[in-house]
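One file, target.pdb, carrying PDB, C-alpha atoms:
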```
ATOM      1  CA  MET Z   1      86.239 182.467 104.194
ATOM      2  CA  PRO Z   2      88.404 180.203 106.393
ATOM      3  CA  TYR Z   3      89.482 178.066 103.441
ATOM      4  CA  LEU Z   4      91.949 180.553 101.948
ATOM      5  CA  THR Z   5      95.188 179.125 103.273
ATOM      6  CA  GLY Z   6      97.672 180.287 100.661
ATOM      7  CA  LEU Z   7      99.045 176.785 100.064
ATOM      8  CA  ARG Z   8     100.377 175.816  96.671
ATOM      9  CA  ALA Z   9      98.330 173.587  94.374
ATOM     10  CA  GLY Z  10      99.247 169.958  94.829
ATOM     11  CA  THR Z  11      99.471 170.293  98.606
ATOM     12  CA  SER Z  12      96.821 169.967 101.246
ATOM     13  CA  GLY Z  13      96.621 171.644 104.602
ATOM     14  CA  THR Z  14      93.771 169.479 105.869
ATOM     15  CA  GLY Z  15      94.888 166.013 104.831
ATOM     16  CA  VAL Z  16      91.944 165.604 102.465
ATOM     17  CA  ARG Z  17      92.741 162.849  99.988
ATOM     18  CA  THR Z  18      91.651 162.668  96.396
ATOM     19  CA  GLY Z  19      88.045 161.515  96.281
ATOM     20  CA  LEU Z  20      85.069 161.288  93.977
ATOM     21  CA  GLY Z  21      82.364 163.877  93.451
ATOM     22  CA  VAL Z  22      79.376 162.343  91.654
ATOM     23  CA  PRO Z  23      77.856 164.904  89.237
ATOM     24  CA  GLY Z  24      74.474 163.184  89.326
ATOM     25  CA  CYS Z  25      73.389 159.694  88.346
ATOM     26  CA  ALA Z  26      70.058 159.097  86.626
ATOM     27  CA  HIS Z  27      66.899 158.833  88.725
ATOM     28  CA  PRO Z  28      67.070 155.903  91.195
ATOM     29  CA  LEU Z  29      64.286 154.108  89.334
ATOM     30  CA  LEU Z  30      66.349 154.227  86.130
ATOM     31  CA  ALA Z  31      69.734 153.555  87.737
ATOM     32  CA  PRO Z  32      69.176 151.501  90.915
ATOM     33  CA  ALA Z  33      72.481 149.650  90.560
ATOM     34  CA  GLU Z  34      74.375 152.931  90.324
ATOM     35  CA  TRP Z  35      72.832 154.349  93.490
ATOM     36  CA  ASN Z  36      73.437 151.081  95.322
ATOM     37  CA  ALA Z  37      77.095 151.102  94.261
ATOM     38  CA  LEU Z  38      77.575 154.589  95.701
ATOM     39  CA  THR Z  39      76.777 153.250  99.178
ATOM     40  CA  ARG Z  40      79.488 150.604  98.938
ATOM     41  CA  PRO Z  41      81.558 150.587 102.154
ATOM     42  CA  GLY Z  42      84.877 152.311 101.671
ATOM     43  CA  ALA Z  43      83.969 154.053  98.404
ATOM     44  CA  PRO Z  44      86.037 157.286  98.396
ATOM     45  CA  LEU Z  45      83.126 159.680  97.855
ATOM     46  CA  HIS Z  46      83.315 163.332  98.867
ATOM     47  CA  TRP Z  47      79.705 163.967  97.811
ATOM     48  CA  ALA Z  48      77.001 163.007  95.327
ATOM     49  CA  VAL Z  49      74.546 165.269  93.512
ATOM     50  CA  LEU Z  50      70.815 164.556  93.675
ATOM     51  CA  ASP Z  51      68.741 165.733  90.700
ATOM     52  CA  VAL Z  52      65.123 164.651  90.994
ATOM     53  CA  ALA Z  53      63.619 166.228  87.875
ATOM     54  CA  GLY Z  54      65.850 169.014  86.621
ATOM     55  CA  GLY Z  55      65.836 170.188  90.227
ATOM     56  CA  PRO Z  56      63.885 169.096  93.311
ATOM     57  CA  GLY Z  57      60.683 168.416  91.365
ATOM     58  CA  VAL Z  58      57.201 169.613  92.299
ATOM     59  CA  GLN Z  59      56.507 167.087  95.067
ATOM     60  CA  PRO Z  60      58.553 164.735  97.248
ATOM     61  CA  ASP Z  61      59.843 161.650  95.469
ATOM     62  CA  PRO Z  62      60.078 158.629  97.806
ATOM     63  CA  HIS Z  63      62.663 156.886  95.620
ATOM     64  CA  CYS Z  64      64.996 159.896  95.788
ATOM     65  CA  LEU Z  65      64.391 160.291  99.520
ATOM     66  CA  ASP Z  66      65.398 156.668 100.031
ATOM     67  CA  ALA Z  67      68.505 157.019  97.843
ATOM     68  CA  ALA Z  68      69.584 160.206  99.619
ATOM     69  CA  GLY Z  69      69.021 158.636 103.028
ATOM     70  CA  ARG Z  70      71.115 155.585 102.211
ATOM     71  CA  LEU Z  71      73.964 157.798 101.007
ATOM     72  CA  ARG Z  72      73.910 159.903 104.154
ATOM     73  CA  ASN Z  73      73.840 156.749 106.269
ATOM     74  CA  ALA Z  74      76.978 155.685 104.404
ATOM     75  CA  GLY Z  75      78.649 158.965 105.371
ATOM     76  CA  VAL Z  76      78.348 160.649 101.953
ATOM     77  CA  ARG Z  77      77.250 164.265 101.573
ATOM     78  CA  VAL Z  78      74.200 164.720  99.346
ATOM     79  CA  LEU Z  79      73.997 167.945  97.342
ATOM     80  CA  GLY Z  80      70.838 169.194  95.651
ATOM     81  CA  ARG Z  81      71.326 170.299  92.055
ATOM     82  CA  ILE Z  82      70.095 173.843  91.450
ATOM     83  CA  ARG Z  83      70.041 175.056  87.861
ATOM     84  CA  SER Z  84      71.689 178.469  87.694
ATOM     85  CA  ALA Z  85      71.462 178.742  83.874
ATOM     86  CA  GLN Z  86      74.542 180.987  83.772
ATOM     87  CA  GLY Z  87      72.925 183.330  86.266
ATOM     88  CA  THR Z  88      69.752 183.926  84.235
ATOM     89  CA  ARG Z  89      67.329 182.315  86.721
ATOM     90  CA  PRO Z  90      65.956 184.710  89.364
ATOM     91  CA  ARG Z  91      67.441 184.207  92.807
ATOM     92  CA  ILE Z  92      63.975 183.662  94.281
ATOM     93  CA  GLU Z  93      63.624 180.529  92.106
ATOM     94  CA  LEU Z  94      67.008 179.202  93.183
ATOM     95  CA  ILE Z  95      66.187 179.641  96.851
ATOM     96  CA  ALA Z  96      62.779 178.025  96.371
ATOM     97  CA  ASP Z  97      64.557 174.982  94.915
ATOM     98  CA  ALA Z  98      66.919 174.941  97.883
ATOM     99  CA  HIS Z  99      63.972 175.058 100.315
ATOM    100  CA  ARG Z 100      62.430 171.990  98.650
ATOM    101  CA  TYR Z 101      65.667 170.047  98.692
ATOM    102  CA  LEU Z 102      66.111 170.738 102.403
ATOM    103  CA  GLU Z 103      62.515 170.041 103.361
ATOM    104  CA  TRP Z 104      61.993 166.946 101.229
ATOM    105  CA  TYR Z 105      65.461 165.330 101.068
ATOM    106  CA  GLN Z 106      67.448 166.836 103.972
ATOM    107  CA  VAL Z 107      70.386 167.582 101.687
ATOM    108  CA  ASP Z 108      73.774 168.570 103.068
ATOM    109  CA  GLY Z 109      74.398 171.315 100.546
ATOM    110  CA  PHE Z 110      73.901 172.515  97.004
ATOM    111  CA  PHE Z 111      75.461 172.170  93.566
ATOM    112  CA  LEU Z 112      74.875 175.330  91.508
ATOM    113  CA  ASP Z 113      74.935 173.896  88.000
ATOM    114  CA  ARG Z 114      76.087 176.085  85.104
ATOM    115  CA  CYS Z 115      77.148 178.800  87.501
ATOM    116  CA  PRO Z 116      78.413 182.054  85.930
ATOM    117  CA  ALA Z 117      82.176 182.365  85.672
ATOM    118  CA  THR Z 118      82.548 186.045  84.786
ATOM    119  CA  ARG Z 119      83.459 188.918  87.087
ATOM    120  CA  GLU Z 120      80.078 190.492  86.304
ATOM    121  CA  GLY Z 121      78.230 187.409  87.549
ATOM    122  CA  LEU Z 122      80.025 187.302  90.903
ATOM    123  CA  PRO Z 123      77.913 189.785  92.940
ATOM    124  CA  GLU Z 124      74.611 187.991  92.284
ATOM    125  CA  THR Z 125      76.224 184.589  92.855
ATOM    126  CA  ARG Z 126      77.579 185.880  96.168
ATOM    127  CA  ARG Z 127      74.089 186.995  97.182
ATOM    128  CA  THR Z 128      72.681 183.593  96.232
ATOM    129  CA  ILE Z 129      75.276 181.789  98.352
ATOM    130  CA  THR Z 130      74.529 184.089 101.294
ATOM    131  CA  SER Z 131      70.842 183.172 100.984
ATOM    132  CA  LEU Z 132      71.674 179.458 100.798
ATOM    133  CA  ARG Z 133      73.766 179.643 103.948
ATOM    134  CA  ALA Z 134      70.911 181.477 105.680
ATOM    135  CA  LEU Z 135      68.833 178.339 105.067
ATOM    136  CA  ARG Z 136      71.560 176.031 106.362
ATOM    137  CA  ALA Z 137      74.661 177.578 107.847
ATOM    138  CA  ASP Z 138      76.849 174.519 107.287
ATOM    139  CA  ALA Z 139      75.666 173.880 103.722
ATOM    140  CA  HIS Z 140      78.415 172.563 101.447
ATOM    141  CA  VAL Z 141      78.233 174.748  98.325
ATOM    142  CA  VAL Z 142      79.833 173.694  95.037
ATOM    143  CA  LEU Z 143      79.830 176.052  92.050
ATOM    144  CA  GLY Z 144      79.582 174.185  88.760
ATOM    145  CA  HIS Z 145      81.401 176.575  86.456
ATOM    146  CA  GLY Z 146      83.000 173.868  84.345
ATOM    147  CA  THR Z 147      85.881 176.231  83.598
ATOM    148  CA  HIS Z 148      88.228 178.481  85.549
ATOM    149  CA  PRO Z 149      86.116 181.386  86.775
ATOM    150  CA  TYR Z 150      87.044 184.866  87.924
ATOM    151  CA  PRO Z 151      89.186 184.292  91.066
ATOM    152  CA  GLY Z 152      86.744 186.036  93.402
ATOM    153  CA  TYR Z 153      84.360 183.084  93.279
ATOM    154  CA  ALA Z 154      86.815 181.060  95.361
ATOM    155  CA  GLU Z 155      86.191 183.378  98.321
ATOM    156  CA  ASN Z 156      82.503 182.479  98.501
ATOM    157  CA  ALA Z 157      82.002 178.740  97.984
ATOM    158  CA  ASP Z 158      83.438 175.547  99.433
ATOM    159  CA  GLN Z 159      84.451 174.141  96.048
ATOM    160  CA  LEU Z 160      84.601 175.167  92.399
ATOM    161  CA  VAL Z 161      84.306 172.882  89.374
ATOM    162  CA  THR Z 162      87.094 174.312  87.228
ATOM    163  CA  PHE Z 163      86.957 171.670  84.501
ATOM    164  CA  SER Z 164      84.047 169.771  82.990
ATOM    165  CA  GLY Z 165      84.552 168.248  79.587
ATOM    166  CA  SER Z 166      86.217 165.610  77.464
ATOM    167  CA  TRP Z 167      89.440 163.711  78.022
ATOM    168  CA  SER Z 168      90.809 165.002  74.720
ATOM    169  CA  ASP Z 169      90.611 168.540  76.133
ATOM    170  CA  TYR Z 170      91.572 167.669  79.702
ATOM    171  CA  ARG Z 171      94.834 165.877  78.970
ATOM    172  CA  PHE Z 172      96.299 169.072  77.474
ATOM    173  CA  SER Z 173      94.614 171.542  79.830
ATOM    174  CA  GLN Z 174      96.335 173.840  82.313
ATOM    175  CA  ALA Z 175      95.211 175.201  85.655
ATOM    176  CA  ALA Z 176      94.812 178.958  86.048
ATOM    177  CA  GLU Z 177      97.727 180.482  87.960
ATOM    178  CA  TRP Z 178      95.523 181.865  90.742
ATOM    179  CA  THR Z 179      94.434 178.371  91.783
ATOM    180  CA  ALA Z 180      97.923 177.809  93.218
ATOM    181  CA  ASP Z 181      96.911 180.083  96.113
ATOM    182  CA  HIS Z 182      94.342 177.524  97.305
ATOM    183  CA  PRO Z 183      94.577 173.908  98.503
ATOM    184  CA  PRO Z 184      93.415 171.045  96.247
ATOM    185  CA  GLU Z 185      90.246 170.375  98.243
ATOM    186  CA  ARG Z 186      88.820 173.598  96.829
ATOM    187  CA  PHE Z 187      88.665 172.296  93.232
ATOM    188  CA  CYS Z 188      86.775 169.628  91.272
ATOM    189  CA  HIS Z 189      87.301 168.165  87.795
ATOM    190  CA  PHE Z 190      84.685 166.225  85.786
ATOM    191  CA  VAL Z 191      86.073 164.406  82.741
ATOM    192  CA  HIS Z 192      84.212 162.125  80.333
ATOM    193  CA  GLY Z 193      85.577 159.849  77.632
ATOM    194  CA  VAL Z 194      88.614 158.760  79.693
ATOM    195  CA  PRO Z 195      89.759 155.369  78.350
ATOM    196  CA  ARG Z 196      90.562 152.735  80.951
ATOM    197  CA  GLY Z 197      94.189 152.696  79.789
ATOM    198  CA  HIS Z 198      94.533 156.425  80.516
ATOM    199  CA  LEU Z 199      92.985 156.429  83.997
ATOM    200  CA  ASP Z 200      96.374 156.656  85.718
ATOM    201  CA  GLU Z 201      97.337 159.580  83.497
ATOM    202  CA  ALA Z 202      94.069 161.372  84.247
ATOM    203  CA  LEU Z 203      94.610 160.979  87.988
ATOM    204  CA  ARG Z 204      98.109 162.424  87.622
ATOM    205  CA  VAL Z 205      96.749 165.428  85.703
ATOM    206  CA  ALA Z 206      94.263 166.104  88.505
ATOM    207  CA  ARG Z 207      97.032 165.928  91.079
ATOM    208  CA  TRP Z 208      99.344 168.198  89.080
ATOM    209  CA  GLN Z 209      96.580 170.738  88.609
ATOM    210  CA  GLY Z 210      95.585 170.647  92.258
ATOM    211  CA  ALA Z 211      92.069 169.150  92.192
ATOM    212  CA  ALA Z 212      91.176 166.817  95.062
ATOM    213  CA  THR Z 213      87.597 166.009  94.001
ATOM    214  CA  ILE Z 214      87.297 164.269  90.644
ATOM    215  CA  TRP Z 215      84.889 162.290  88.494
ATOM    216  CA  PHE Z 216      86.378 160.392  85.568
ATOM    217  CA  THR Z 217      84.299 158.177  83.298
ATOM    218  CA  ASP Z 218      84.680 156.306  80.037
ATOM    219  CA  ARG Z 219      81.115 157.319  79.112
ATOM    220  CA  THR Z 220      80.857 160.066  76.486
ATOM    221  CA  ASP Z 221      78.344 162.749  75.581
ATOM    222  CA  HIS Z 222      78.043 161.491  71.984
ATOM    223  CA  GLY Z 223      78.467 164.962  70.567
ATOM    224  CA  GLY Z 224      76.270 166.579  73.187
ATOM    225  CA  ARG Z 225      73.358 164.196  72.626
ATOM    226  CA  SER Z 226      73.601 162.345  75.944
ATOM    227  CA  ASP Z 227      74.592 162.864  79.578
ATOM    228  CA  PRO Z 228      77.878 161.034  80.341
ATOM    229  CA  TRP Z 229      77.339 161.390  84.102
ATOM    230  CA  GLU Z 230      74.086 159.396  84.328
ATOM    231  CA  THR Z 231      75.806 156.028  84.762
ATOM    232  CA  LEU Z 232      78.922 154.865  86.554
ATOM    233  CA  PRO Z 233      82.159 154.422  84.592
ATOM    234  CA  GLY Z 234      82.773 150.966  83.176
ATOM    235  CA  TYR Z 235      85.905 150.790  85.337
ATOM    236  CA  TRP Z 236      84.071 151.713  88.553
ATOM    237  CA  ASP Z 237      85.842 149.051  90.613
ATOM    238  CA  ASP Z 238      89.220 150.173  89.282
ATOM    239  CA  ILE Z 239      88.759 153.856  90.067
ATOM    240  CA  VAL Z 240      87.328 153.093  93.526
ATOM    241  CA  SER Z 241      90.381 150.943  94.229
ATOM    242  CA  GLN Z 242      92.932 153.429  92.896
ATOM    243  CA  VAL Z 243      91.459 156.522  94.506
ATOM    244  CA  GLY Z 244      90.484 154.761  97.718
ATOM    245  CA  THR Z 245      93.997 153.428  98.320
ATOM    246  CA  GLY Z 246      95.592 156.750  97.500
ATOM    247  CA  VAL Z 247      97.482 155.444  94.450
ATOM    248  CA  SER Z 248      97.131 158.801  92.716
ATOM    249  CA  GLU Z 249      98.733 160.536  95.662
TER     250      GLU Z 249
END
```
I need this file expressed as structure tokens, please.
Amino acid sequence: MPYLTGLRAGTSGTGVRTGLGVPGCAHPLLAPAEWNALTRPGAPLHWAVLDVAGGPGVQPDPHCLDAAGRLRNAGVRVLGRIRSAQGTRPRIELIADAHRYLEWYQVDGFFLDRCPATREGLPETRRTITSLRALRADAHVVLGHGTHPYPGYAENADQLVTFSGSWSDYRFSQAAEWTADHPPERFCHFVHGVPRGHLDEALRVARWQGAATIWFTDRTDHGGRSDPWETLPGYWDDIVSQVGTGVSE
């Protein structure tokens, strides 16, 4: 892959600034204000995930098509969420989902949710990515591990989600040593339960650990009973301002 530059974490060979990766807001009918906010001019978005109904759904959804179109018109990549289920779903199902996303919503790439992180899961994940790129050669592929995976995964995808969890865990976390061999634009961090007063600290942690795509929110998962990514953070304007002006840099 052309992305393996050998730069140290915390540096960037392409000039990519810290930006936001949206893990997936609720359906546009349930969260119209959220989807509208994502198209705000100047919002520092690297991409946003579209999840119609636990995937692309069984038929085209005009509300999701409209939301995806407005994002693309605003210059934001739209990624279709494909449930990997830790590698337990057959590849033929994953590719069928990808076909629907491309045909119905013209997505720019794919987010493989709950992607395997083990060495044993790498060969099948590599085959899946090869099939996805056969559908769209320039597809932006993000692997949603949620933890540091076996290093070989970095050779196959555009980005890896190496942290997804709570602020209480994130603030004391450490990056795997092998990530220092790749530039920050290869890594994403999703953190929920970040208090407004700790937003600056969270941005510094991301920079120190070498992650250029982040999503921080004060929403929580309430002990696993809710999805903290469905709505925008209460400090949306603050994080857009801080990230967009490069304060964390």
With distances taken over all atoms listed in the file, the candidate from Z:Leu30, Z:Val191, Z:Leu135, Z:Val76 nearest Pro228 in chain Z is Z:Val191
From CA of Arg225 in chain Z to CA of Ala98 in chain Z the spacing works out at 28.2 Å
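Nearest to Phe172 in chain Z of all the residues Z:Leu160, Z:Val142, Z:Val205, Z:Ala33 is Z:Val205, counting all atoms listed in the file.
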Discussion item. When the PyMOL selection byres ((chain Z and resi 145-156) around 10) is applied to the structure above, which residues does it catch, written out as JSON, numbers by chain?
Written reply: {"Z": [1, 2, 3, 4, 84, 86, 112, 113, 114, 115, 116, 117, 118, 119, 120, 121, 122, 123, 125, 126, 127, 129, 130, 141, 142, 143, 144, 157, 158, 159, 160, 161, 162, 163, 164, 165, 174, 175, 176, 177, 178, 179, 182, 186, 187, 188, 189, 190]}
Would you save the residues of that selection, restricted to C-alpha atoms, as a compact mmCIF listing (two decimals), keeping the file's coordinate frame?
```txt
# COMPACT_ATOMS: atom_id res chain seq x y z
CA MET Z 1 86.24 182.47 104.19
CA PRO Z 2 88.40 180.20 106.39
CA TYR Z 3 89.48 178.07 103.44
CA LEU Z 4 91.95 180.55 101.95
CA SER Z 84 71.69 178.47 87.69
CA GLN Z 86 74.54 180.99 83.77
CA LEU Z 112 74.88 175.33 91.51
CA ASP Z 113 74.94 173.90 88.00
CA ARG Z 114 76.09 176.08 85.10
CA CYS Z 115 77.15 178.80 87.50
CA PRO Z 116 78.41 182.05 85.93
CA ALA Z 117 82.18 182.36 85.67
CA THR Z 118 82.55 186.04 84.79
CA ARG Z 119 83.46 188.92 87.09
CA GLU Z 120 80.08 190.49 86.30
CA GLY Z 121 78.23 187.41 87.55
CA LEU Z 122 80.03 187.30 90.90
CA PRO Z 123 77.91 189.78 92.94
CA THR Z 125 76.22 184.59 92.86
CA ARG Z 126 77.58 185.88 96.17
CA ARG Z 127 74.09 187.00 97.18
CA ILE Z 129 75.28 181.79 98.35
CA THR Z 130 74.53 184.09 101.29
CA VAL Z 141 78.23 174.75 98.32
CA VAL Z 142 79.83 173.69 95.04
CA LEU Z 143 79.83 176.05 92.05
CA GLY Z 144 79.58 174.18 88.76
CA ALA Z 157 82.00 178.74 97.98
CA ASP Z 158 83.44 175.55 99.43
CA GLN Z 159 84.45 174.14 96.05
CA LEU Z 160 84.60 175.17 92.40
CA VAL Z 161 84.31 172.88 89.37
CA THR Z 162 87.09 174.31 87.23
CA PHE Z 163 86.96 171.67 84.50
CA SER Z 164 84.05 169.77 82.99
CA GLY Z 165 84.55 168.25 79.59
CA GLN Z 174 96.34 173.84 82.31
CA ALA Z 175 95.21 175.20 85.66
CA ALA Z 176 94.81 178.96 86.05
CA GLU Z 177 97.73 180.48 87.96
CA TRP Z 178 95.52 181.86 90.74
CA THR Z 179 94.43 178.37 91.78
CA HIS Z 182 94.34 177.52 97.30
CA ARG Z 186 88.82 173.60 96.83
CA PHE Z 187 88.66 172.30 93.23
CA CYS Z 188 86.78 169.63 91.27
CA HIS Z 189 87.30 168.16 87.80
CA PHE Z 190 84.68 166.22 85.79
```
Return as a VMD selection string the set of residues that the PyMOL selection byres ((chain Z and resi 199) around 12) yields on the displayed structure. chain Z and resid 167 171 191 to 198 200 to 206 214 to 218 233 to 236 238 to 243 247 to 248
Worksheet item: Quick one, how far is CA of Arg17 in chain Z from CA of Leu45 in chain Z?
Response: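 About the pair CA of Arg17 in chain Z and CA of Leu45 in chain Z: they are 10.3 Å apart.
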Since the input lacks some atoms of range 210-222 of chain Z, please model N, CA, C and O atoms and print them as a PDB file, in the frame of the given file.
```pdb
ATOM      1  N   GLY Z 210      96.066 170.284  90.938  1.00  0.00           N
ATOM      2  CA  GLY Z 210      95.585 170.647  92.258  1.00  0.00           C
ATOM      3  C   GLY Z 210      94.095 170.526  92.428  1.00  0.00           C
ATOM      4  O   GLY Z 210      93.454 171.443  92.954  1.00  0.00           O
ATOM      5  N   ALA Z 211      93.496 169.401  92.001  1.00  0.00           N
ATOM      6  CA  ALA Z 211      92.069 169.150  92.192  1.00  0.00           C
ATOM      7  C   ALA Z 211      91.908 167.869  93.004  1.00  0.00           C
ATOM      8  O   ALA Z 211      92.306 166.798  92.557  1.00  0.00           O
ATOM      9  N   ALA Z 212      91.296 167.973  94.186  1.00  0.00           N
ATOM     10  CA  ALA Z 212      91.176 166.817  95.062  1.00  0.00           C
ATOM     11  C   ALA Z 212      89.868 166.060  94.870  1.00  0.00           C
ATOM     12  O   ALA Z 212      89.760 164.917  95.294  1.00  0.00           O
ATOM     13  N   THR Z 213      88.869 166.687  94.263  1.00  0.00           N
ATOM     14  CA  THR Z 213      87.597 166.009  94.001  1.00  0.00           C
ATOM     15  C   THR Z 213      87.463 165.813  92.495  1.00  0.00           C
ATOM     16  O   THR Z 213      87.525 166.780  91.732  1.00  0.00           O
ATOM     17  N   ILE Z 214      87.315 164.553  92.082  1.00  0.00           N
ATOM     18  CA  ILE Z 214      87.297 164.269  90.644  1.00  0.00           C
ATOM     19  C   ILE Z 214      86.156 163.309  90.304  1.00  0.00           C
ATOM     20  O   ILE Z 214      85.629 162.610  91.168  1.00  0.00           O
ATOM     21  N   TRP Z 215      85.790 163.312  89.027  1.00  0.00           N
ATOM     22  CA  TRP Z 215      84.889 162.290  88.494  1.00  0.00           C
ATOM     23  C   TRP Z 215      85.339 162.000  87.074  1.00  0.00           C
ATOM     24  O   TRP Z 215      85.234 162.853  86.184  1.00  0.00           O
ATOM     25  N   PHE Z 216      85.918 160.829  86.883  1.00  0.00           N
ATOM     26  CA  PHE Z 216      86.378 160.392  85.568  1.00  0.00           C
ATOM     27  C   PHE Z 216      85.506 159.232  85.096  1.00  0.00           C
ATOM     28  O   PHE Z 216      85.199 158.321  85.875  1.00  0.00           O
ATOM     29  N   THR Z 217      85.129 159.253  83.839  1.00  0.00           N
ATOM     30  CA  THR Z 217      84.299 158.177  83.298  1.00  0.00           C
ATOM     31  C   THR Z 217      84.674 157.900  81.851  1.00  0.00           C
ATOM     32  O   THR Z 217      85.141 158.794  81.138  1.00  0.00           O
ATOM     33  N   ASP Z 218      84.470 156.646  81.439  1.00  0.00           N
ATOM     34  CA  ASP Z 218      84.680 156.306  80.037  1.00  0.00           C
ATOM     35  C   ASP Z 218      83.429 156.578  79.207  1.00  0.00           C
ATOM     36  O   ASP Z 218      83.447 156.448  77.990  1.00  0.00           O
ATOM     37  N   ARG Z 219      82.327 156.951  79.852  1.00  0.00           N
ATOM     38  CA  ARG Z 219      81.115 157.319  79.112  1.00  0.00           C
ATOM     39  C   ARG Z 219      81.373 158.628  78.368  1.00  0.00           C
ATOM     40  O   ARG Z 219      82.189 159.448  78.798  1.00  0.00           O
ATOM     41  N   THR Z 220      80.677 158.844  77.264  1.00  0.00           N
ATOM     42  CA  THR Z 220      80.857 160.066  76.486  1.00  0.00           C
ATOM     43  C   THR Z 220      79.519 160.763  76.294  1.00  0.00           C
ATOM     44  O   THR Z 220      78.455 160.192  76.568  1.00  0.00           O
ATOM     45  N   ASP Z 221      79.585 162.005  75.798  1.00  0.00           N
ATOM     46  CA  ASP Z 221      78.344 162.749  75.581  1.00  0.00           C
ATOM     47  C   ASP Z 221      77.806 162.590  74.164  1.00  0.00           C
ATOM     48  O   ASP Z 221      76.801 163.196  73.809  1.00  0.00           O
ATOM     49  N   HIS Z 222      78.497 161.768  73.348  1.00  0.00           N
ATOM     50  CA  HIS Z 222      78.043 161.491  71.984  1.00  0.00           C
ATOM     51  C   HIS Z 222      77.700 162.784  71.232  1.00  0.00           C
ATOM     52  O   HIS Z 222      76.625 162.947  70.665  1.00  0.00           O
TER      53      HIS Z 222
END
```
